[in-house]
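Peer 1: First, the structure itself, so that you have it in front of you.
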Amino acid sequence: MTDRRRILLLGGTEDSRALAERLAEDDSIEVISSLAGRTEQPKALPGSLRIGGFGGVDALTRYLDEEKIDLLVDATHPFAERISQNAEAACRRGATPCLVLQRRPWQAVDGDRWVRVPDAEAAARALANGDLPRPAKRIFLTVGRQELAPFFPLLDTWFLVRMIDGPRQALPLAHCKVVLGRGPFEECGERTLMLNYGIDTLVTRNSGGEATYAKVAVARSLGLPVVMIERPPGPDQQTVDSVDAALDWIAGRL
Ligand code: NAP
């Protein structure tokens, strides 16, 4: 079929995979999922798959033109700032319709003891300066591989670091244990992990969604402080927060 509409789906999230699966049910659409290539063994995806950076805004603009992309959906992680900015700029240049699919951030509820910070550097400073309701000595750190560096100078703190893929070399943290895991995570597993390792503080990013929320709920139930790294400002694009809403938007444009 030559007249299929082509959607470039910038992915790397559970939502992008769910959207790819739903779009693949429609024969009139060709979905091309794009991954950065950070994860060693990404889960299988329906439709076409391309892996690796495009090479910046100019290259992405060219890609959209040469590949005759009808729509772009940016379903990347809320903390993946650069690709979202590039996508926004490239779509603007080429007048390609663009939608952002992004989960809503978590909101604190009764019992939560959040210390909100703008980025990983501020989270590390809060630990180092003791800006927390109680001393933070044993930290459950779930911030993503690229955000670990600000915590390296904290020599008196013990970290339980969760990652999807193991580090290629030992992390330069003075005291740590690495556990591997990819969501979704359940509360019972998170509770066991946090109790077994005597965790007194959780440091996490406000990713939103259900797949990784269990640790936040467990921290609340155990009365533990959470250093919550808030999101960077999102792209200035039309945004939806569910796969169904993305499908509606797409149906309205094809
Ligand atoms: P980033 O800082 O915004 O992007 C850095 C560069 O990686 C981009 O400029 C782009 O390279 C390339 N890139 C990123 N996402 C891409 C995609 N989906 N397809 C093709 N190229 C992509 O992103 P990041 O924080 O490193 O995240 C990388 C990927 O991991 C994203 O797809 C994101 O959805 C996923 N992810 C990120 C996090 C997180 O915490 N940041 C968590 C879970 C999943 P060029 O400029 O060369 O095009």
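Identifiers in the structure tokens: chain A, B, ... in order shown; residue index from 1 per chain; ligand index from 1 in order shown.
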Give one line per residue of region 101-185 of chain A that approaches region 25-44 of chain A to at most 12 Å, naming the two atoms of the closest pair and their distance in Å to one decimal, counting only C-alpha atoms; sort by chain then ascending residue number and deliver it as CSV.

Peer 2:
residue,atom,partner,partner_atom,distance
A:Gly144,CA,A:Arg38,CA,11.0
A:Arg145,CA,A:Arg38,CA,9.8
A:Gln146,CA,A:Arg38,CA,10.3
A:Met163,CA,A:Thr39,CA,10.3
A:Ile164,CA,A:Thr39,CA,7.4
A:Asp165,CA,A:Thr39,CA,6.9
A:Gly166,CA,A:Glu40,CA,9.8
A:Pro167,CA,A:Glu40,CA,11.3
A:Arg168,CA,A:Glu40,CA,11.5
A:Arg182,CA,A:Thr39,CA,10.5
A:Gly183,CA,A:Lys43,CA,11.8

Peer 1: Write out as a tab-separated table the residues of region 6-92 of chain A that have any atom within 8 Å of an atom of region 204-211 of chain A, one row each with the nearest atom pair and its distance in Å to one decimal, counting only C-alpha atoms, sorted by chain and then rising number.

Peer 2:
residue	atom	partner	partner_atom	distance
A:His77	CA	A:Ser207	CA	7.6
A:Pro78	CA	A:Ser207	CA	6.5
A:Phe79	CA	A:Ser207	CA	7.6

Peer 1: Just write the chosen residues, N, CA, C and O atoms, as a tab-separated table (two decimals), in the first residue's frame.

Peer 2:
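Full text of again25.tsv as output:
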chain	number	residue	atom	x	y	z
A	77	HIS	N	10.28	10.64	27.21
A	77	HIS	CA	10.18	10.82	28.65
A	77	HIS	C	10.15	12.31	28.98
A	77	HIS	O	10.84	13.11	28.33
A	78	PRO	N	9.40	12.73	30.01
A	78	PRO	CA	9.33	14.16	30.35
A	78	PRO	C	10.68	14.79	30.65
A	78	PRO	O	10.83	16.00	30.57
A	79	PHE	N	11.67	13.96	31.02
A	79	PHE	CA	12.99	14.52	31.33
A	79	PHE	C	13.93	14.48	30.11
A	79	PHE	O	15.08	14.88	30.23

Peer 1: Show which residues sit within 7 Å of region 215-218 of chain A, as number ranges by chain. Count only C-alpha atoms, and ignore same-chain residues fewer than 2 positions away.

Peer 2: A: 187, 190-191, 212-213, 220-222

Peer 1: Between A:Cys98, A:Val117, A:Val143, A:Ala123, which is the closest to ligand 1 once you count only C-alpha atoms and all ligand atoms?

Peer 2: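 That would be A:Val143, the residue with the smallest distance to ligand 1.
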
Peer 1: Can you work out which residues are within 6 Å of ligand 1, considering only C-alpha atoms and all ligand atoms, and then hand them over as a PyMOL selection string?

Peer 2: chain A and resi 10-13+34-36+52-56+76-77+79-83+144

Peer 1: Among region 15-232 of chain A, which ones does DSSP assign to helix (DSSP H, G or I) (computed from the backbone)? Answer as an NGL selection string.

Peer 2: :A and (15-23 or 57-66 or 81-94 or 120-129 or 145-147 or 149-151 or 187-196 or 214-222)

Peer 1: Using DSSP assignments from the backbone, pull out every residue in region 15-217 of chain A that falls under strand (DSSP E) and give it to me as an MDAnalysis selection string.

Peer 2: chainID A and resid 29:35 48:51 71:74 98:101 114:117 138:142 158:163 175:180 201:205

Peer 1: Near Leu9 (chain A), counting only C-alpha atoms, which residues have an atom at most 12 Å away, once you skip same-chain residues fewer than 4 positions from it, shown as a PyMOL selection string?

Peer 2: chain A and resi 13+15-21+23-24+29-36+45-51+64+69-76+83-84+87+98-101+246+250

Peer 1: Okay, now the selection with N, CA and C atoms, as a CSV table (one decimal), in the first residue's frame?

Peer 2:
chain,number,residue,atom,x,y,z
A,13,THR,N,9.3,5.3,26.0
A,13,THR,CA,8.5,5.2,27.2
A,13,THR,C,7.4,4.1,27.0
A,15,ASP,N,4.3,4.6,27.3
A,15,ASP,CA,3.2,5.2,26.5
A,15,ASP,C,3.5,5.1,25.0
A,16,SER,N,4.7,5.4,24.7
A,16,SER,CA,5.0,5.3,23.2
A,16,SER,C,4.8,3.9,22.7
A,17,ARG,N,5.1,2.9,23.5
A,17,ARG,CA,5.0,1.6,23.0
A,17,ARG,C,3.5,1.2,22.9
A,18,ALA,N,2.7,1.7,23.9
A,18,ALA,CA,1.3,1.4,23.9
A,18,ALA,C,0.6,2.1,22.7
A,19,LEU,N,1.1,3.3,22.4
A,19,LEU,CA,0.6,4.0,21.2
A,19,LEU,C,1.0,3.3,19.9
A,20,ALA,N,2.2,2.9,19.8
A,20,ALA,CA,2.6,2.1,18.6
A,20,ALA,C,1.8,0.9,18.4
A,21,GLU,N,1.4,0.2,19.5
A,21,GLU,CA,0.6,-1.0,19.4
A,21,GLU,C,-0.8,-0.7,18.9
A,23,LEU,N,-1.7,2.0,17.1
A,23,LEU,CA,-1.6,2.5,15.7
A,23,LEU,C,-1.4,1.4,14.7
A,24,ALA,N,-0.6,0.4,15.2
A,24,ALA,CA,-0.3,-0.8,14.3
A,24,ALA,C,-1.6,-1.5,13.9
A,29,ILE,N,-2.1,3.3,8.4
A,29,ILE,CA,-1.1,4.1,9.0
A,29,ILE,C,0.2,3.3,9.1
A,30,GLU,N,1.3,4.0,8.8
A,30,GLU,CA,2.6,3.3,9.0
A,30,GLU,C,3.3,4.1,10.2
A,31,VAL,N,3.6,3.4,11.2
A,31,VAL,CA,4.2,4.0,12.4
A,31,VAL,C,5.7,3.6,12.4
A,32,ILE,N,6.5,4.7,12.5
A,32,ILE,CA,7.9,4.5,12.6
A,32,ILE,C,8.3,4.9,14.0
A,33,SER,N,8.7,4.0,14.9
A,33,SER,CA,9.1,4.3,16.2
A,33,SER,C,10.6,4.7,16.2
A,34,SER,N,10.9,5.7,17.0
A,34,SER,CA,12.3,6.1,17.0
A,34,SER,C,12.8,6.0,18.5
A,35,LEU,N,13.9,5.3,18.7
A,35,LEU,CA,14.6,5.2,20.0
A,35,LEU,C,16.0,5.8,19.9
A,36,ALA,N,16.4,6.4,21.1
A,36,ALA,CA,17.7,7.0,21.1
A,36,ALA,C,18.8,5.9,21.1
A,45,LEU,N,8.7,-3.8,19.5
A,45,LEU,CA,7.7,-2.8,19.1
A,45,LEU,C,7.1,-3.2,17.8
A,46,PRO,N,5.8,-2.9,17.5
A,46,PRO,CA,5.2,-3.2,16.2
A,46,PRO,C,5.6,-2.1,15.3
A,47,GLY,N,5.4,-2.3,14.0
A,47,GLY,CA,5.7,-1.2,13.0
A,47,GLY,C,7.2,-1.2,12.7
A,48,SER,N,7.6,-0.1,12.1
A,48,SER,CA,9.1,0.1,11.8
A,48,SER,C,9.8,0.7,13.0
A,49,LEU,N,11.0,0.4,13.1
A,49,LEU,CA,11.8,0.9,14.2
A,49,LEU,C,13.1,1.5,13.6
A,50,ARG,N,13.5,2.7,14.1
A,50,ARG,CA,14.8,3.3,13.8
A,50,ARG,C,15.5,3.6,15.2
A,51,ILE,N,16.8,3.4,15.2
A,51,ILE,CA,17.4,3.6,16.5
A,51,ILE,C,18.6,4.5,16.3
A,64,LEU,N,12.3,14.4,8.4
A,64,LEU,CA,10.8,14.5,8.2
A,64,LEU,C,10.4,14.8,6.8
A,69,ILE,N,7.1,12.3,6.4
A,69,ILE,CA,6.4,12.1,7.6
A,69,ILE,C,5.1,13.1,7.6
A,70,ASP,N,4.0,12.5,7.9
A,70,ASP,CA,2.7,13.3,7.9
A,70,ASP,C,2.5,13.9,9.3
A,71,LEU,N,2.9,13.2,10.3
A,71,LEU,CA,2.7,13.6,11.7
A,71,LEU,C,3.8,13.2,12.6
A,72,LEU,N,4.2,14.0,13.6
A,72,LEU,CA,5.1,13.5,14.6
A,72,LEU,C,4.5,13.5,15.9
A,73,VAL,N,4.7,12.4,16.7
A,73,VAL,CA,4.2,12.3,18.0
A,73,VAL,C,5.4,12.2,18.9
A,74,ASP,N,5.6,13.2,19.8
A,74,ASP,CA,6.7,13.1,20.7
A,74,ASP,C,6.2,12.5,22.0
A,75,ALA,N,6.5,11.2,22.2
A,75,ALA,CA,6.1,10.5,23.4
A,75,ALA,C,7.3,10.1,24.2
A,76,THR,N,8.3,11.0,24.2
A,76,THR,CA,9.6,10.7,24.9
A,76,THR,C,9.3,11.0,26.4
A,83,ILE,N,15.6,16.2,22.9
A,83,ILE,CA,14.9,15.6,21.7
A,83,ILE,C,13.6,16.3,21.5
A,84,SER,N,12.9,16.7,22.7
A,84,SER,CA,11.6,17.4,22.6
A,84,SER,C,11.8,18.8,22.0
A,87,ALA,N,12.5,18.3,18.3
A,87,ALA,CA,11.3,17.9,17.5
A,87,ALA,C,10.4,19.1,17.3
A,98,CYS,N,2.5,18.3,15.0
A,98,CYS,CA,3.3,17.7,16.1
A,98,CYS,C,2.4,17.6,17.4
A,99,LEU,N,2.4,16.5,18.0
A,99,LEU,CA,1.7,16.3,19.3
A,99,LEU,C,2.7,15.8,20.3
A,100,VAL,N,2.5,16.3,21.6
A,100,VAL,CA,3.3,15.7,22.7
A,100,VAL,C,2.4,14.8,23.5
A,101,LEU,N,2.9,13.6,23.7
A,101,LEU,CA,2.1,12.7,24.6
A,101,LEU,C,3.0,12.6,25.9
A,246,ALA,N,-4.2,10.8,22.4
A,246,ALA,CA,-3.3,10.9,21.2
A,246,ALA,C,-4.0,10.3,20.0
A,250,ILE,N,-4.7,12.2,16.5
A,250,ILE,CA,-4.2,11.7,15.2
A,250,ILE,C,-5.4,11.5,14.2

Peer 1: Taking into account only C-alpha atoms, which residue in the set A:Glu88, A:Asp200, A:Asp131, A:Glu230 is nearest to Asp119 (chain A)?

Peer 2: A:Glu230

Peer 1: To one decimal place, how far is CA of Pro97 (chain A) from CA of Arg231 (chain A) in Å?

Peer 2: 24.3 Å

Peer 1: Compile the contact shell of Leu155 (chain A) as a VMD selection string: residues with an atom at most 9 Å away, counting only C-alpha atoms, same-chain residues fewer than 5 positions apart removed.

Peer 2: chain A and resid 173 to 175

Peer 1: Those selected residues, please, written with all heavy atoms and delivered as a short mmCIF file (atom, residue, chain, number, x, y, z; two decimals), in the first residue's frame.

Peer 2:
data_model
loop_
_atom_site.label_atom_id
_atom_site.label_comp_id
_atom_site.auth_asym_id
_atom_site.auth_seq_id
_atom_site.Cartn_x
_atom_site.Cartn_y
_atom_site.Cartn_z
N LEU A 173 30.63 6.05 43.14
CA LEU A 173 29.98 6.42 44.40
C LEU A 173 30.75 5.69 45.50
O LEU A 173 31.09 4.51 45.35
CB LEU A 173 28.52 5.96 44.41
CG LEU A 173 27.53 6.81 43.60
CD1 LEU A 173 26.23 6.05 43.39
CD2 LEU A 173 27.27 8.14 44.28
N ALA A 174 30.98 6.40 46.62
CA ALA A 174 31.80 5.81 47.68
C ALA A 174 31.16 4.55 48.25
O ALA A 174 31.83 3.55 48.50
CB ALA A 174 32.03 6.85 48.78
N HIS A 175 29.84 4.61 48.47
CA HIS A 175 29.14 3.46 49.06
C HIS A 175 27.84 3.25 48.29
O HIS A 175 26.96 4.12 48.35
CB HIS A 175 28.79 3.74 50.53
CG HIS A 175 29.95 4.30 51.30
ND1 HIS A 175 31.00 3.52 51.73
CD2 HIS A 175 30.22 5.57 51.70
CE1 HIS A 175 31.87 4.29 52.36
NE2 HIS A 175 31.42 5.53 52.36
#

Peer 1: Just how far from CA of Pro172 (chain A) is CA of Phe159 (chain A), in Å to one decimal?

Peer 2: 11.3 Å

Peer 1: Find the residues around Trp158 (chain A) up to 9 Å (only C-alpha atoms counted), leave out those fewer than 4 positions away in its own chain, and share them as a ChimeraX atom specification.

Peer 2: /A:137-140,154,173-177

Peer 1: Which residue gives the smallest distance to Tyr63 (chain A) among A:Gln85, A:Ser242, A:Thr96, A:Thr201, with only C-alpha atoms counted?

Peer 2: A:Thr96
